[in-house]
Amino acid sequence: MRFFSPEGTLDFLAMLGRAALSALAAAGRLALFAGAAVSCLVRPPFAWRQFLRQFISVAYFSLPVVALTALFTGMVLALQSYTGFSRFNAESAIASVVVLSVTRELGPVLAGLMVAGRIGAAMAAELGTMRVTDQIDALTTLSTDPMKHLVAPRLLAATLAMPLLVVVADILGVMGGWLVATQKLGFASEAYLDGTFDVLEVMDVVSGLIKAAVFGFVIGLMGSWFGYTSRGGAQGVGAATTSAVVASSILILALDYALTEAFFAA
Amino acid sequence: MTPKIRLRGLAKSFGTQSSGEKRVLAGVDLDVLAGRSMVILGGSGSGKSVTIKCVLGLMRPDAGSIEIDGVDISRLSRADRAALGDRMGMLFQNGALFDSMPVWENVCFKLLAQRRITRAEARDRAAEVLAQVGLAASVGDLSPAELSGGMQKRVALARAIAARPDILFLDEPTTGLDPIMGAVIDGLIVECVQKLGATAVSITHDMASARRIGDDAAMLHGGRIVWNGAAGSLGHTGNAMVDQFANGLREGPIEMELRR
């Protein structure tokens with residue numbers, strides 16, 4: 001077979017090499033893009049109006065979807081934990097499992113995935129449309145740096161809004177667990193809340209909020225990057241939107257592991 | 001006399017050698033005199049828009065020089081380049097209006113971005129510029145999506161001239177418009193350019209428009225300027241390529257080149 005011949009092996013290695021070089025080049029371009037956007041945050045003037053618009057879009061308009069996701073996740077978590085723990089007479093651990101799972105993991109990760117689907121896609125679609133209709137070029141000709149006007153405000157808005165959303169997600173997630181535990185599983189409200197707050201430490205909440213900020217940065221960066229660099233009309237904008245959501249989601253899950261390892265693996 | 005814009009050996013290619021390189025500009029030499037209106041003609045994909053984008057700094061040429069008022073713009077500092085950009089206005093082919101803001105904010109975008117006027121002053125200034133392009137002040141409160149194609153072009157023209165540019169670039173200003181609206185837009189362009197005392201560079205396929213708005217014309221073909229002369233002579237220049245293009249003839253040197 002040709003694949004096992006020396007030429008075939010060389011072709012395969014060359015293909016791998018090209019793919020690796022192309023991935024490195026893309027990573028380099030993305031890093032330069034992120035660097036340029038972050039540098040715009042510290043170089044005045046800052047596009048406050050754009051920032052406010054984006055912040056409201058991320059924080060306020062994502063609130064319902066994040067809140068509902070957190071609430072139902074907390075409810076399901078309580079229900080499932082009860083099913084498992086009741087076999088070992090460990091029902092009292094439900095409150096601690098719910099609060100730790102929600103604050104450390106589920107709050108930031110699920111909020112991140114929801115916001116990636118909602119806001120990351122919207123950012124990529126808006127910037128992609130602006131790119132293919134020459135609006136980004138028009139900004140440059142109107143003496144405005146598109147990175148400053150479009151990308152930096154989105155990046156900062158997503159980074160700052162995500163922790164706020166996660167605070168809400170944490171509260172509603174715990175509330176969802178409490179609701180199921182007290183209304184369905186027969187727990188006393190006071191005992192459940194004692195079980196929740198006895199186990200909860202500041203680091204549990206803080207680690208979740210740091211994760212949220214990192215995920216927000218990733219969502220803003222991916223949405224902006226894929227939109228800003230999109231090409232080729234409606235098809236290009238569609239591809240940019242999909243890529244932004246997929247890349248954000250994968251990065252959120254990968255970074256969640258990395259951050260959990262950094263915070264709690266001692 | 002130093003030309004307002006001077007291009008020498010401007011070259012630009014797209015793609016890579018491995019994926020197939022496409023050479024769009026292969027050494028463009030062009031002078032645009034101050035206060036004149038230059039029209040660049042050429043077939044689709046001949047590099048007209050790329051030429052303008054290189055001058056505007058939206059694309060980096062592979063080779064060649066671009067001088068504005070005798071100064072090579074590649075040697076300008078960031079601040080000087082920004083100052084030069086402040087003196088230029090551009091009307092994009094599809095208008096490129098910002099659909100997230102109303103018309104008045106679009107028109108005064110540059111002035112607002114540079115904090116040259118307040119938002120309250122911008123409304124008055126927008127009304128003034130909209131009147132120059134034949135639109136009522138009430139149009140300022142509409143969103144670009146609510147405008148017809150002709151109105152969008154007028155708003156785009158208003159945005160291009162609002163900051164009183166020294167050099168105005170117009171990319172296919174009459175594309176997609178009916179002949180009457182095209183003539184109206186051309187009339188507005190001539191009027192605005194004269195009022196500003198600006199130098200204008202337009203690119204178009206529309207010969208009637210080229211004759212109306214241009215003092216001078218140049219034809220871009222094969223990545224180079226193949227003819228340069230008076231816009232009024234288009235159609236009877238004596239250059240077979242330009243006359244074929246201007247008269248819309250199927251037979252001629254351009255078609256013969258395609259056949260080879």
# chains A, B, ... in the order shown; residues from 1 in each chain; ligands from 1

$ interface_residues --of "chain A" --to "chain B" --cutoff "9 Å" --atoms "only C-alpha atoms" --output "list in words"
Met130, Thr133, Asp134, Gln135, Ile136, Asp137, Ala138, Leu139, Thr140, Thr141, Leu142, Ser143 and Thr144 of chain A

$ residues_around --residues "Ala59 of chain A" --least-positions-apart "4" --cutoff "9 Å" --atoms "only C-alpha atoms" --output "PyMOL selection string"
chain A and resi 54-55+63+157-158+160-162+164-165

$ write_last_selection --atoms "C-alpha atoms" --output "PDB file, in the first residue's frame"
ATOM      1  CA  GLN A  54     -22.514  45.437  25.128  1.00  0.00           C
ATOM      2  CA  PHE A  55     -22.595  45.157  28.912  1.00  0.00           C
ATOM      3  CA  LEU A  63     -30.117  36.949  32.672  1.00  0.00           C
ATOM      4  CA  ALA A 157     -18.238  43.763  28.762  1.00  0.00           C
ATOM      5  CA  ALA A 158     -18.211  39.962  28.555  1.00  0.00           C
ATOM      6  CA  LEU A 160     -17.140  41.902  33.658  1.00  0.00           C
ATOM      7  CA  ALA A 161     -20.700  40.728  33.047  1.00  0.00           C
ATOM      8  CA  MET A 162     -20.044  37.006  33.393  1.00  0.00           C
ATOM      9  CA  LEU A 164     -22.370  39.047  37.788  1.00  0.00           C
ATOM     10  CA  LEU A 165     -24.382  36.436  35.914  1.00  0.00           C
TER      11      LEU A 165
END

$ residues_around --residues "Val103 of chain B" --least-positions-apart "4" --cutoff "8 Å" --atoms "only C-alpha atoms" --output "MDAnalysis selection string"
chainID B and resid 107 139:144 155

$ select_by_dssp --residues "segment 41-187 of chain B" --states "strand (DSSP E)" --output "PDB file with N, CA and C atoms, in the first residue's frame"
ATOM      1  N   LEU B  41     -11.402  53.669 -14.278  1.00  0.00           N
ATOM      2  CA  LEU B  41     -12.268  52.681 -14.935  1.00  0.00           C
ATOM      3  C   LEU B  41     -11.566  51.333 -14.970  1.00  0.00           C
ATOM      4  N   ALA B  63       4.295  46.388  -2.901  1.00  0.00           N
ATOM      5  CA  ALA B  63       5.417  47.197  -3.390  1.00  0.00           C
ATOM      6  C   ALA B  63       4.874  48.515  -3.928  1.00  0.00           C
ATOM      7  N   GLY B  64       5.778  49.452  -4.155  1.00  0.00           N
ATOM      8  CA  GLY B  64       5.381  50.737  -4.723  1.00  0.00           C
ATOM      9  C   GLY B  64       5.219  51.807  -3.663  1.00  0.00           C
ATOM     10  N   SER B  65       4.955  53.015  -4.133  1.00  0.00           N
ATOM     11  CA  SER B  65       4.824  54.128  -3.186  1.00  0.00           C
ATOM     12  C   SER B  65       3.519  54.879  -3.416  1.00  0.00           C
ATOM     13  N   ILE B  66       3.013  55.437  -2.323  1.00  0.00           N
ATOM     14  CA  ILE B  66       1.805  56.279  -2.376  1.00  0.00           C
ATOM     15  C   ILE B  66       2.181  57.612  -1.740  1.00  0.00           C
ATOM     16  N   GLU B  67       2.117  58.668  -2.540  1.00  0.00           N
ATOM     17  CA  GLU B  67       2.431  59.996  -2.000  1.00  0.00           C
ATOM     18  C   GLU B  67       1.171  60.844  -1.980  1.00  0.00           C
ATOM     19  N   ILE B  68       0.973  61.530  -0.864  1.00  0.00           N
ATOM     20  CA  ILE B  68      -0.109  62.507  -0.776  1.00  0.00           C
ATOM     21  C   ILE B  68       0.554  63.849  -0.506  1.00  0.00           C
ATOM     22  N   VAL B  71       4.246  63.598   0.048  1.00  0.00           N
ATOM     23  CA  VAL B  71       4.796  62.858   1.194  1.00  0.00           C
ATOM     24  C   VAL B  71       4.441  61.378   1.068  1.00  0.00           C
ATOM     25  N   ASP B  72       5.462  60.528   1.151  1.00  0.00           N
ATOM     26  CA  ASP B  72       5.250  59.086   1.075  1.00  0.00           C
ATOM     27  C   ASP B  72       4.532  58.634   2.349  1.00  0.00           C
ATOM     28  N   MET B  88      -9.502  62.686   4.718  1.00  0.00           N
ATOM     29  CA  MET B  88     -10.082  61.882   3.630  1.00  0.00           C
ATOM     30  C   MET B  88     -11.514  61.483   3.946  1.00  0.00           C
ATOM     31  N   GLY B  89     -12.307  61.371   2.918  1.00  0.00           N
ATOM     32  CA  GLY B  89     -13.675  60.872   3.073  1.00  0.00           C
ATOM     33  C   GLY B  89     -13.888  59.762   2.061  1.00  0.00           C
ATOM     34  N   MET B  90     -14.760  58.820   2.417  1.00  0.00           N
ATOM     35  CA  MET B  90     -14.959  57.681   1.513  1.00  0.00           C
ATOM     36  C   MET B  90     -16.431  57.309   1.424  1.00  0.00           C
ATOM     37  N   LEU B  91     -16.897  57.151   0.201  1.00  0.00           N
ATOM     38  CA  LEU B  91     -18.253  56.642  -0.006  1.00  0.00           C
ATOM     39  C   LEU B  91     -18.121  55.203  -0.501  1.00  0.00           C
ATOM     40  N   ILE B 167      -9.754  65.161   0.456  1.00  0.00           N
ATOM     41  CA  ILE B 167      -9.747  64.168  -0.629  1.00  0.00           C
ATOM     42  C   ILE B 167     -10.951  63.257  -0.426  1.00  0.00           C
ATOM     43  N   LEU B 168     -11.715  63.082  -1.503  1.00  0.00           N
ATOM     44  CA  LEU B 168     -12.925  62.270  -1.403  1.00  0.00           C
ATOM     45  C   LEU B 168     -12.799  61.066  -2.335  1.00  0.00           C
ATOM     46  N   PHE B 169     -13.037  59.871  -1.776  1.00  0.00           N
ATOM     47  CA  PHE B 169     -12.994  58.646  -2.577  1.00  0.00           C
ATOM     48  C   PHE B 169     -14.421  58.127  -2.735  1.00  0.00           C
ATOM     49  N   LEU B 170     -14.750  57.727  -3.946  1.00  0.00           N
ATOM     50  CA  LEU B 170     -16.113  57.249  -4.213  1.00  0.00           C
ATOM     51  C   LEU B 170     -16.036  55.909  -4.939  1.00  0.00           C
ATOM     52  N   ASP B 171     -16.542  54.873  -4.270  1.00  0.00           N
ATOM     53  CA  ASP B 171     -16.486  53.532  -4.854  1.00  0.00           C
ATOM     54  C   ASP B 171     -17.850  53.200  -5.463  1.00  0.00           C
TER      55      ASP B 171
END

$ atom_distance --atom1 "atom CA of Leu221 of chain A" --atom2 "atom CA of Ser62 of chain A"
17.6 Å
